[in-house]
file upload-v9.csv (CSV, C-alpha atoms)
chain,number,residue,atom,x,y,z
A,1,MET,CA,-15.8,-28.4,-2.3
A,2,LEU,CA,-12.6,-30.3,-1.9
A,3,GLY,CA,-12.3,-34.0,-1.8
A,4,ALA,CA,-9.3,-36.2,-1.2
A,5,PRO,CA,-6.6,-35.9,-4.0
A,6,THR,CA,-7.2,-39.4,-5.2
A,7,GLY,CA,-10.9,-38.8,-5.3
A,8,ASN,CA,-10.4,-35.7,-7.4
A,9,ALA,CA,-8.3,-37.5,-9.9
A,10,THR,CA,-10.8,-40.3,-10.1
A,11,ARG,CA,-13.7,-38.0,-10.8
A,12,LEU,CA,-11.7,-36.1,-13.4
A,13,GLU,CA,-10.6,-39.2,-15.1
A,14,LYS,CA,-14.2,-40.4,-15.2
A,15,GLN,CA,-15.3,-37.2,-16.8
A,16,LEU,CA,-12.5,-37.5,-19.4
A,17,GLU,CA,-13.4,-41.1,-20.1
A,18,ASP,CA,-17.1,-40.3,-20.5
A,19,GLU,CA,-16.2,-37.6,-23.0
A,20,ARG,CA,-14.0,-40.1,-24.9
A,21,ALA,CA,-16.7,-42.7,-24.9
A,22,SER,CA,-19.2,-40.2,-26.3
A,23,ARG,CA,-16.8,-39.8,-29.3
A,24,ASN,CA,-16.2,-43.6,-29.6
A,25,THR,CA,-12.5,-43.0,-29.5
A,26,THR,CA,-9.7,-45.4,-28.3
A,27,GLU,CA,-7.2,-43.0,-26.7
A,28,PRO,CA,-5.3,-44.1,-23.6
A,29,ASN,CA,-5.9,-42.4,-20.2
A,30,LEU,CA,-6.7,-38.8,-21.3
A,31,LEU,CA,-5.7,-37.3,-18.0
A,32,HIS,CA,-2.1,-38.3,-18.8
A,33,THR,CA,-2.5,-37.7,-22.6
A,34,LEU,CA,-3.9,-34.2,-22.4
A,35,LEU,CA,-2.3,-32.7,-19.3
A,36,PRO,CA,1.4,-32.2,-18.6
A,37,PRO,CA,2.7,-33.6,-15.3
A,38,ASP,CA,2.9,-30.2,-13.6
A,39,VAL,CA,-0.8,-29.6,-14.4
A,40,GLN,CA,-1.8,-33.0,-13.2
A,41,GLU,CA,-0.1,-32.1,-9.9
A,42,MET,CA,-2.1,-28.9,-9.7
A,43,LEU,CA,-5.3,-30.8,-10.3
A,44,LEU,CA,-4.8,-32.9,-7.2
A,45,HIS,CA,-4.8,-29.9,-5.0
A,46,MET,CA,-7.3,-27.4,-6.5
A,47,PRO,CA,-11.0,-27.0,-5.7
A,48,MET,CA,-13.4,-28.7,-8.0
A,49,ASN,CA,-14.6,-25.6,-9.8
A,50,MET,CA,-11.1,-24.9,-10.9
A,51,GLN,CA,-10.7,-28.5,-12.0
A,52,ALA,CA,-13.8,-28.1,-14.1
A,53,ASP,CA,-12.4,-25.0,-15.8
A,54,LEU,CA,-9.2,-26.8,-16.7
A,55,LEU,CA,-11.2,-29.9,-17.8
A,56,SER,CA,-13.3,-27.7,-20.1
A,57,ALA,CA,-10.1,-26.3,-21.7
A,58,ALA,CA,-8.9,-29.9,-22.2
A,59,MET,CA,-12.1,-30.9,-23.8
A,60,ALA,CA,-12.1,-27.9,-26.1
A,61,ALA,CA,-8.6,-28.8,-27.1
A,62,LEU,CA,-9.6,-32.3,-27.9
A,63,SER,CA,-12.5,-31.1,-30.0
A,64,THR,CA,-10.2,-28.9,-32.0
A,65,GLN,CA,-7.9,-31.8,-32.8
A,66,GLY,CA,-10.5,-34.4,-33.4
A,67,ASN,CA,-10.7,-38.1,-32.3
A,68,GLY,CA,-7.5,-39.9,-31.6
A,69,ALA,CA,-5.0,-37.0,-31.8
A,70,THR,CA,-2.8,-35.5,-29.0
A,71,VAL,CA,-3.0,-32.0,-27.9
A,72,PRO,CA,0.7,-30.9,-28.4
A,73,SER,CA,0.4,-31.3,-32.2
A,74,SER,CA,-2.3,-28.6,-32.4
A,75,PRO,CA,-1.2,-25.0,-31.9
A,76,LEU,CA,-4.7,-23.9,-31.0
A,77,ALA,CA,-5.2,-26.7,-28.5
A,78,ALA,CA,-1.8,-26.1,-26.9
A,79,HIS,CA,-2.7,-22.4,-26.6
A,80,ARG,CA,-6.0,-23.2,-24.9
A,81,MET,CA,-4.3,-25.5,-22.5
A,82,GLN,CA,-1.6,-22.9,-21.8
A,83,ASN,CA,-4.2,-20.2,-21.0
A,84,ALA,CA,-6.0,-22.6,-18.6
A,85,THR,CA,-2.8,-23.6,-16.9
A,86,GLN,CA,-1.8,-19.9,-16.6
A,87,GLY,CA,-5.1,-19.1,-14.9
A,88,VAL,CA,-4.5,-21.8,-12.4
A,89,ALA,CA,-0.9,-20.5,-11.7
A,90,ASN,CA,-2.3,-16.9,-11.2
A,91,GLU,CA,-4.7,-18.1,-8.5
A,92,TRP,CA,-2.0,-20.0,-6.6
A,93,HIS,CA,1.0,-17.8,-7.0
A,94,GLY,CA,-0.1,-14.4,-8.4
A,95,LEU,CA,0.7,-12.8,-11.7
A,96,LEU,CA,4.5,-12.7,-11.0
A,97,GLY,CA,4.4,-16.5,-10.5
A,98,ASN,CA,3.7,-17.1,-14.2
A,99,GLY,CA,6.4,-19.1,-15.8
A,100,SER,CA,7.7,-20.3,-12.4
A,101,SER,CA,8.2,-24.0,-11.5
A,102,TRP,CA,6.4,-23.5,-8.2
A,103,LEU,CA,4.0,-26.3,-7.3
A,104,PRO,CA,0.6,-25.3,-5.9
A,105,PRO,CA,0.1,-25.1,-2.1
A,106,LYS,CA,-0.9,-28.2,-0.2
A,107,VAL,CA,-4.3,-28.5,1.4
A,108,ALA,CA,-3.8,-28.0,5.1
A,109,ALA,CA,-7.4,-28.3,6.1
A,110,ARG,CA,-10.5,-29.0,4.0
A,111,SER,CA,-13.9,-27.6,4.6
A,112,CYS,CA,-17.1,-27.3,2.6
A,113,GLU,CA,-18.4,-24.5,4.8
A,114,THR,CA,-18.5,-21.0,3.4
A,115,ALA,CA,-15.9,-18.9,5.1
A,116,ARG,CA,-18.1,-15.8,5.4
A,117,PRO,CA,-21.7,-16.5,4.4
A,118,GLY,CA,-23.4,-13.5,2.7
A,119,TYR,CA,-20.1,-12.1,1.4
A,120,ASP,CA,-17.9,-12.6,-1.6
A,121,THR,CA,-16.0,-15.5,-0.4
A,122,GLY,CA,-15.3,-19.2,-1.0
A,123,ASP,CA,-15.1,-22.2,1.3
A,124,ALA,CA,-13.1,-22.3,4.5
A,125,SER,CA,-10.4,-24.7,3.2
A,126,GLU,CA,-6.8,-23.7,4.2
A,127,TYR,CA,-3.6,-24.0,2.1
A,128,LEU,CA,0.1,-23.8,2.8
A,129,ASP,CA,3.0,-23.3,0.4
A,130,SER,CA,5.9,-25.8,0.6
A,131,PRO,CA,9.0,-24.5,2.4
A,132,GLU,CA,10.8,-24.1,-0.9
A,133,VAL,CA,8.1,-22.2,-2.6
A,134,LEU,CA,7.5,-20.0,0.4
A,135,SER,CA,11.2,-19.1,0.6
A,136,ALA,CA,11.2,-18.1,-3.1
A,137,LYS,CA,8.1,-16.0,-2.7
A,138,VAL,CA,9.4,-14.2,0.4
A,139,GLN,CA,12.6,-13.3,-1.4
A,140,MET,CA,10.5,-11.8,-4.2
A,141,LEU,CA,8.4,-9.9,-1.7
A,142,ALA,CA,11.5,-8.5,0.0
A,143,GLN,CA,12.7,-7.0,-3.2
A,144,MET,CA,9.3,-5.6,-4.0
A,145,TRP,CA,9.1,-4.0,-0.5
A,146,LYS,CA,12.5,-2.3,-0.9
A,147,ARG,CA,11.4,-0.8,-4.2
A,148,SER,CA,8.0,0.4,-2.8
A,149,GLY,CA,9.3,1.9,0.4
A,150,ARG,CA,7.0,4.4,2.1
A,151,ASP,CA,4.5,4.0,-0.7
A,152,THR,CA,3.5,0.6,0.8
A,153,VAL,CA,0.2,0.3,2.6
A,154,LEU,CA,-0.7,-2.6,4.9
A,155,TYR,CA,-4.2,-4.1,4.8
A,156,THR,CA,-4.9,-6.5,7.7
A,157,GLY,CA,-7.7,-8.7,9.0
A,158,ALA,CA,-8.4,-11.1,11.8
A,159,GLY,CA,-5.9,-13.7,10.6
A,160,LEU,CA,-3.0,-11.4,11.7
A,161,SER,CA,-4.1,-11.5,15.4
A,162,THR,CA,-5.2,-15.1,15.9
A,163,ALA,CA,-1.8,-16.0,17.3
A,164,SER,CA,-2.4,-13.6,20.2
A,165,GLY,CA,-5.4,-15.7,21.2
A,166,ILE,CA,-8.2,-13.7,19.4
A,167,GLY,CA,-10.6,-16.0,17.6
A,168,ASP,CA,-11.8,-15.2,14.0
A,169,TYR,CA,-15.0,-15.9,12.1
A,170,ALA,CA,-13.7,-17.6,9.0
A,171,SER,CA,-11.6,-20.5,10.3
A,172,LYS,CA,-14.2,-23.2,10.1
A,173,ALA,CA,-12.3,-26.2,9.0
A,174,SER,CA,-12.4,-29.0,11.5
A,175,LYS,CA,-8.6,-29.4,11.3
A,176,SER,CA,-7.9,-25.7,10.9
A,177,VAL,CA,-4.2,-24.7,11.4
A,178,ALA,CA,-5.2,-21.2,12.6
A,179,PRO,CA,-3.2,-20.5,15.8
A,180,HIS,CA,-6.2,-19.7,18.0
A,181,LYS,CA,-7.5,-23.2,17.4
A,182,LYS,CA,-4.7,-24.6,19.5
A,183,ARG,CA,-5.1,-22.3,22.5
A,184,ALA,CA,-7.9,-20.8,24.5
A,185,GLU,CA,-8.2,-17.1,24.8
A,186,SER,CA,-7.2,-16.1,28.4
A,187,GLY,CA,-7.8,-13.0,30.4
A,188,SER,CA,-9.1,-9.7,29.1
A,189,ARG,CA,-8.9,-9.2,25.3
A,190,LEU,CA,-7.8,-5.6,26.1
A,191,GLU,CA,-4.6,-7.0,27.7
A,192,LEU,CA,-3.5,-9.2,24.9
A,193,ARG,CA,0.0,-8.9,23.5
A,194,PRO,CA,1.2,-8.4,19.9
A,195,THR,CA,2.2,-11.4,17.7
A,196,LEU,CA,5.5,-11.9,16.0
A,197,ALA,CA,3.9,-10.6,12.8
A,198,HIS,CA,2.8,-7.3,14.6
A,199,HIS,CA,6.4,-6.9,15.9
A,200,THR,CA,7.8,-7.6,12.4
A,201,LEU,CA,5.6,-5.0,10.7
A,202,ALA,CA,6.6,-2.4,13.4
A,203,ALA,CA,10.3,-3.2,12.7
A,204,ILE,CA,9.7,-2.9,8.9
A,205,GLU,CA,8.1,0.5,9.4
A,206,GLU,CA,11.1,1.6,11.4
A,207,LYS,CA,13.2,0.9,8.3
A,208,GLY,CA,11.1,3.3,6.3
A,209,LEU,CA,9.2,0.7,4.3
A,210,ILE,CA,5.6,1.3,5.3
A,211,GLY,CA,3.6,4.5,4.8
A,212,ASN,CA,0.1,3.5,6.1
A,213,TRP,CA,-1.6,0.7,7.9
A,214,VAL,CA,-5.3,0.1,7.2
A,215,GLN,CA,-6.3,-1.9,10.2
A,216,GLN,CA,-9.6,-3.7,10.1
A,217,ASN,CA,-9.1,-5.3,13.5
A,218,HIS,CA,-10.1,-3.5,16.7
A,219,ASP,CA,-7.4,-4.9,19.0
A,220,ARG,CA,-4.7,-2.2,19.0
A,221,LEU,CA,-2.0,-4.8,18.9
A,222,ALA,CA,-0.2,-2.7,16.2
A,223,GLN,CA,0.3,0.2,18.7
A,224,LYS,CA,1.4,-2.2,21.4
A,225,ALA,CA,4.1,-3.5,19.1
A,226,GLY,CA,5.4,0.0,18.6
A,227,PHE,CA,3.9,0.9,15.2
A,228,PRO,CA,3.3,4.7,15.1
A,229,GLN,CA,-0.3,5.7,15.8
A,230,ALA,CA,0.0,8.4,13.2
A,231,ARG,CA,0.3,5.9,10.4
A,232,ILE,CA,-2.6,3.6,11.5
A,233,ASN,CA,-6.1,4.0,10.0
A,234,GLU,CA,-8.4,1.9,12.3
A,235,ILE,CA,-11.1,2.1,9.6
A,236,HIS,CA,-13.6,-0.2,11.4
A,237,GLY,CA,-13.1,1.3,14.8
A,238,ALA,CA,-11.2,0.1,17.9
A,239,TRP,CA,-11.7,-1.1,21.4
A,240,GLY,CA,-11.3,1.7,24.0
A,241,ASP,CA,-12.0,4.5,21.5
A,242,MET,CA,-14.9,6.8,22.3
A,243,LYS,CA,-14.5,8.7,19.1
A,244,ASN,CA,-14.1,5.7,16.8
A,245,SER,CA,-16.0,2.9,18.3
A,246,VAL,CA,-16.2,-0.5,16.8
A,247,ALA,CA,-18.3,-0.4,13.6
A,248,MET,CA,-20.9,-3.0,12.8
A,249,MET,CA,-21.3,-4.4,9.3
A,250,ASP,CA,-24.0,-2.0,8.4
A,251,ASP,CA,-22.6,1.1,10.1
A,252,SER,CA,-21.2,4.1,8.3
A,253,LEU,CA,-17.4,4.6,8.4
A,254,ARG,CA,-16.0,7.8,10.0
A,255,ALA,CA,-15.8,10.4,7.2
A,256,ASP,CA,-12.2,11.6,7.8
A,257,LEU,CA,-10.9,8.0,8.1
A,258,LEU,CA,-12.7,7.0,4.9
A,259,ALA,CA,-11.2,10.0,3.0
A,260,TRP,CA,-7.8,9.1,4.4
A,261,LEU,CA,-8.3,5.5,3.1
A,262,ARG,CA,-9.3,6.8,-0.3
A,263,SER,CA,-6.2,8.9,-0.6
A,264,TRP,CA,-4.0,5.8,0.1
A,265,ALA,CA,-6.1,3.8,-2.5
A,266,GLU,CA,-5.0,6.4,-5.0
A,267,ARG,CA,-1.4,6.7,-3.9
A,268,ALA,CA,-0.1,3.3,-2.8
A,269,ASN,CA,2.5,1.6,-4.9
A,270,MET,CA,2.1,-1.8,-3.1
A,271,CYS,CA,-0.5,-3.2,-0.8
A,272,VAL,CA,0.4,-6.1,1.5
A,273,ALA,CA,-2.8,-7.8,2.7
A,274,LEU,CA,-2.4,-10.1,5.7
A,275,GLY,CA,-5.0,-12.4,7.2
A,276,THR,CA,-8.0,-10.8,5.5
A,277,SER,CA,-10.7,-12.5,3.5
A,278,LEU,CA,-11.1,-9.5,1.1
A,279,CYS,CA,-14.8,-10.4,0.9
A,280,GLY,CA,-16.3,-7.1,-0.3
A,281,MET,CA,-15.9,-4.5,2.4
A,282,ASN,CA,-15.7,-0.8,1.5
A,283,ALA,CA,-12.1,-0.8,2.7
A,284,ASP,CA,-11.2,-3.3,0.0
A,285,GLN,CA,-11.0,-0.4,-2.4
A,286,VAL,CA,-7.3,-0.1,-1.3
A,287,PRO,CA,-6.1,-3.5,-2.5
A,288,ARG,CA,-8.5,-3.3,-5.5
A,289,ALA,CA,-7.0,0.0,-6.7
A,290,VAL,CA,-3.4,-1.2,-6.3
A,291,ALA,CA,-4.2,-4.4,-8.2
A,292,ASP,CA,-5.9,-2.3,-11.0
A,293,ARG,CA,-2.8,-0.2,-11.4
A,294,PHE,CA,-0.5,-3.2,-11.5
A,295,ALA,CA,-2.6,-4.5,-14.4
A,296,GLN,CA,-1.7,-1.3,-16.2
A,297,SER,CA,2.0,-1.9,-15.5
A,298,SER,CA,2.2,0.5,-12.6
A,299,GLY,CA,3.6,-0.2,-9.1
A,300,GLU,CA,4.4,-3.5,-7.3
A,301,GLY,CA,0.7,-4.5,-7.0
A,302,LEU,CA,-1.2,-6.5,-4.4
A,303,VAL,CA,0.4,-9.1,-2.2
A,304,ILE,CA,-1.9,-11.5,-0.4
A,305,ILE,CA,-0.7,-13.5,2.6
A,306,GLY,CA,-3.1,-15.9,4.3
A,307,LEU,CA,-4.5,-19.5,4.5
A,308,GLN,CA,-7.8,-19.2,2.6
A,309,ARG,CA,-8.7,-18.4,-1.0
A,310,THR,CA,-10.0,-14.9,-1.9
A,311,VAL,CA,-11.6,-13.4,-4.9
A,312,TYR,CA,-8.5,-11.3,-5.5
A,313,ASP,CA,-6.1,-14.2,-5.8
A,314,ASP,CA,-6.0,-14.1,-9.6
A,315,VAL,CA,-5.2,-10.4,-9.8
A,316,ALA,CA,-2.6,-10.3,-7.0
A,317,SER,CA,0.9,-9.7,-8.1
A,318,LEU,CA,2.1,-12.3,-5.5
A,319,ARG,CA,0.0,-14.8,-3.6
A,320,ILE,CA,1.6,-16.4,-0.5
A,321,TRP,CA,-0.2,-19.2,1.4
A,322,GLY,CA,0.8,-19.4,5.1
A,323,LEU,CA,0.4,-18.3,8.6
A,324,CYS,CA,1.1,-14.6,9.1
A,325,ASP,CA,3.7,-15.2,11.8
A,326,ASP,CA,5.6,-17.8,9.8
A,327,VAL,CA,5.7,-15.7,6.7
A,328,MET,CA,6.6,-12.5,8.4
A,329,LYS,CA,9.5,-14.2,10.3
A,330,LEU,CA,11.0,-15.0,6.9
A,331,VAL,CA,10.4,-11.5,5.6
A,332,ALA,CA,12.1,-10.0,8.6
A,333,LYS,CA,15.2,-12.0,7.9
A,334,GLU,CA,15.2,-11.0,4.2
A,335,LEU,CA,14.9,-7.3,5.1
A,336,GLY,CA,17.5,-7.5,7.8
A,337,CYS,CA,15.0,-6.6,10.6
A,338,LYS,CA,15.7,-7.5,14.3
A,339,VAL,CA,12.4,-8.7,15.7
A,340,PRO,CA,11.4,-7.4,18.1
A,341,ASP,CA,13.4,-4.3,17.5
A,342,PRO,CA,14.3,-3.1,21.0
A,343,LYS,CA,13.7,0.6,20.2
A,344,VAL,CA,10.4,-0.1,18.6
A,345,ALA,CA,9.3,-2.6,21.3
A,346,GLN,CA,10.0,0.1,24.0
A,347,ARG,CA,7.8,2.5,22.1
A,348,GLY,CA,5.1,-0.1,22.1
A,349,ASN,CA,5.4,-0.6,25.8
A,350,GLN,CA,5.2,3.1,26.4
A,351,TRP,CA,2.0,3.4,24.3
A,352,ALA,CA,0.4,0.5,26.3
A,353,ALA,CA,1.4,2.2,29.6
A,354,ARG,CA,0.0,5.6,28.6
A,355,HIS,CA,-3.2,4.0,27.2
A,356,PRO,CA,-4.2,1.2,29.7
A,357,ARG,CA,-6.9,-1.1,28.3
A,358,CYS,CA,-6.4,0.4,24.9
A,359,ALA,CA,-8.0,3.7,25.9
A,360,TYR,CA,-7.2,6.2,23.1
A,361,ASN,CA,-9.6,8.5,21.2
A,362,THR,CA,-8.6,8.9,17.5
A,363,PRO,CA,-8.4,12.6,16.6
A,364,LYS,CA,-9.6,13.9,13.2
A,365,ARG,CA,-7.3,12.8,10.5
A,366,SER,CA,-6.2,14.6,7.3
A,367,VAL,CA,-5.7,12.9,4.0
A,368,ARG,CA,-2.0,14.0,4.2
A,369,ASP,CA,-1.4,12.5,7.6
A,370,PRO,CA,1.4,11.9,8.6
A,371,LEU,CA,3.1,13.3,5.5
call {"tool": "encode", "arguments": {"input": "upload-v9.csv", "output": "structure tokens"}}
result
Amino acid sequence: MLGAPTGNATRLEKQLEDERASRNTTEPNLLHTLLPPDVQEMLLHMPMNMQADLLSAAMAALSTQGNGATVPSSPLAAHRMQNATQGVANEWHGLLGNGSSWLPPKVAARSCETARPGYDTGDASEYLDSPEVLSAKVQMLAQMWKRSGRDTVLYTGAGLSTASGIGDYASKASKSVAPHKKRAESGSRLELRPTLAHHTLAAIEEKGLIGNWVQQNHDRLAQKAGFPQARINEIHGAWGDMKNSVAMMDDSLRADLLAWLRSWAERANMCVALGTSLCGMNADQVPRAVADRFAQSSGEGLVIIGLQRTVYDDVASLRIWGLCDDVMKLVAKELGCKVPDPKVAQRGNQWAARHPRCAYNTPKRSVRDPL
């Protein structure tokens, strides 16, 4: 649960003072004695459980040094603090953010509600990177994307489509910045139009930088944006599809689509996850496999883009906090993509005209499609 930044600092200082009192020491304010300024800044924005982890490391460092000594003079204490700080940086920025001067994201909306009850997820609080940090991360992502090329797989959830007017399940903060909270869904959901992020991803595919799109949403906005049907795995079903109807949480996935997904889990060099809570679905095997290979120094790894924390944040190669449309607009600029790309947008309009109200039945797929 997140409290106001000043409240967090107050609680942390009280814990530190209690620890000091139990040792009958006379050190000055231990929050400032033990923790470097950049770590203090992190503490003001992190959830309480992460604060507790860092506090434990600080207390272990103090125990190592004994009463009245400062941490920097003890190599072991400094090492413990460094490890704790590195763990925090991993969760905010990804493994590639280690050693950077990036500040943690700001809390955009606090919530003590669980984002997806019953699944592997945290609270529904939302975070946003500062413009400076976001710009640096997007530049890094663009270079990763160019290196990965067609070996890049997309993995998308409801957060990608909220700007079109489709609501999601996990945006529970009272002051959520999710786009659908500011507008009412109007008309038939089958007639909704793609978002800027959908158009950007379609334009990036046209440049030869995406091999497969694992789509957890049912809305077919990817096709309406002009992304090739042959590269889309609608693993959880889709509206208007008689052969691949929308799957419930306890339904079985279509065997050929699952085999196709597994083949990309084995092959992908980079996975870009947008607007998904990564809360333990079968399809999460794709980002998990890519993150595992990155840990063994293979590939570009897992990139997570979204507002809420996930259980994969600390193993992601790059963690970006922001709205999908905002982030992808910057990515398009870095990759030199015109959005919407006229040729691609025309392809999307033609798909929508040929398949009114999203009517399209997914044929049997091969693990080598569309290679």
call {"tool": "atom_distance", "arguments": {"input": "upload-v9.csv", "atom1": "CA of Leu95 in chain A", "atom2": "CA of Ser317 in chain A"}}
result
4.8 Å
call {"tool": "atom_distance", "arguments": {"input": "upload-v9.csv", "atom1": "CA of Pro179 in chain A", "atom2": "CA of Met249 in chain A"}}
result
25.1 Å
call {"tool": "closest_atom_pairs", "arguments": {"input": "upload-v9.csv", "of": "range 127-227 of chain A", "to": "range 98-117 of chain A", "cutoff": "12 Å", "atoms": "only C-alpha atoms", "output": "CSV"}}
result
residue,atom,partner,partner_atom,distance
A:Tyr127,CA,A:Val107,CA,4.6
A:Leu128,CA,A:Pro105,CA,5.1
A:Asp129,CA,A:Pro105,CA,4.2
A:Ser130,CA,A:Pro105,CA,6.4
A:Pro131,CA,A:Pro105,CA,10.0
A:Glu132,CA,A:Trp102,CA,8.5
A:Val133,CA,A:Trp102,CA,6.0
A:Leu134,CA,A:Pro105,CA,9.3
A:Ser135,CA,A:Trp102,CA,10.9
A:Ala136,CA,A:Trp102,CA,8.8
A:Lys137,CA,A:Trp102,CA,9.5
A:Asp168,CA,A:Ala115,CA,10.5
A:Tyr169,CA,A:Arg116,CA,7.4
A:Ala170,CA,A:Ala115,CA,4.7
A:Ser171,CA,A:Ala115,CA,6.9
A:Lys172,CA,A:Ala115,CA,6.8
A:Ala173,CA,A:Ser111,CA,4.9
A:Ser174,CA,A:Ser111,CA,7.2
A:Lys175,CA,A:Ala109,CA,5.4
A:Ser176,CA,A:Ala109,CA,5.5
A:Val177,CA,A:Ala108,CA,7.1
A:Ala178,CA,A:Ala109,CA,9.9
call {"tool": "write_last_selection", "arguments": {"input": "upload-v9.csv", "atoms": "C-alpha atoms", "output": "compact mmCIF listing (two decimals), in the frame of the given file"}}
result
# COMPACT_ATOMS: atom_id res chain seq x y z
CA TYR A 127 -3.60 -24.00 2.10
CA LEU A 128 0.10 -23.80 2.80
CA ASP A 129 3.00 -23.30 0.40
CA SER A 130 5.90 -25.80 0.60
CA PRO A 131 9.00 -24.50 2.40
CA GLU A 132 10.80 -24.10 -0.90
CA VAL A 133 8.10 -22.20 -2.60
CA LEU A 134 7.50 -20.00 0.40
CA SER A 135 11.20 -19.10 0.60
CA ALA A 136 11.20 -18.10 -3.10
CA LYS A 137 8.10 -16.00 -2.70
CA ASP A 168 -11.80 -15.20 14.00
CA TYR A 169 -15.00 -15.90 12.10
CA ALA A 170 -13.70 -17.60 9.00
CA SER A 171 -11.60 -20.50 10.30
CA LYS A 172 -14.20 -23.20 10.10
CA ALA A 173 -12.30 -26.20 9.00
CA SER A 174 -12.40 -29.00 11.50
CA LYS A 175 -8.60 -29.40 11.30
CA SER A 176 -7.90 -25.70 10.90
CA VAL A 177 -4.20 -24.70 11.40
CA ALA A 178 -5.20 -21.20 12.60
call {"tool": "closest_residue", "arguments": {"input": "upload-v9.csv", "among": "A:His199, A:Arg288, A:Lys207, A:Arg354", "to": "Met270 in chain A", "atoms": "only C-alpha atoms"}}
result
A:Arg288
call {"tool": "closest_residue", "arguments": {"input": "upload-v9.csv", "among": "A:Pro342, A:Gly306, A:Gly299, A:Gly237", "to": "Tyr360 in chain A", "atoms": "all atoms listed in the file"}}
result
A:Gly237
call {"tool": "closest_residue", "arguments": {"input": "upload-v9.csv", "among": "A:Met248, A:Met328, A:Leu274, A:Gly336", "to": "Thr200 in chain A", "atoms": "all atoms listed in the file"}}
result
A:Met328
call {"tool": "atom_distance", "arguments": {"input": "upload-v9.csv", "atom1": "CA of Asp292 in chain A", "atom2": "CA of Glu266 in chain A"}}
result
10.6 Å
call {"tool": "closest_residue", "arguments": {"input": "upload-v9.csv", "among": "A:Trp145, A:Trp351, A:Tyr155, A:Trp321", "to": "Ser125 in chain A", "atoms": "only C-alpha atoms"}}
result
A:Trp321
call {"tool": "closest_residue", "arguments": {"input": "upload-v9.csv", "among": "A:Ser188, A:Asn90, A:Thr276, A:Thr121", "to": "Ile305 in chain A", "atoms": "only C-alpha atoms"}}
result
A:Thr276
call {"tool": "residues_around", "arguments": {"input": "upload-v9.csv", "residues": "Ala353 in chain A", "least_positions_apart": "6", "cutoff": "12 Å", "atoms": "all atoms listed in the file", "output": "number ranges by chain"}}
result
A: 191, 223-224, 226, 346-347, 359-360
call {"tool": "closest_residue", "arguments": {"input": "upload-v9.csv", "among": "A:Val138, A:Ala352, A:Val311, A:Val303", "to": "Cys279 in chain A", "atoms": "all atoms listed in the file"}}
result
A:Val311
call {"tool": "residues_around", "arguments": {"input": "upload-v9.csv", "residues": "Ser245 in chain A", "least_positions_apart": "2", "cutoff": "12 Å", "atoms": "only C-alpha atoms", "output": "PyMOL selection string"}}
result
chain A and resi 217-219+234-243+247-248+251-254+358-362
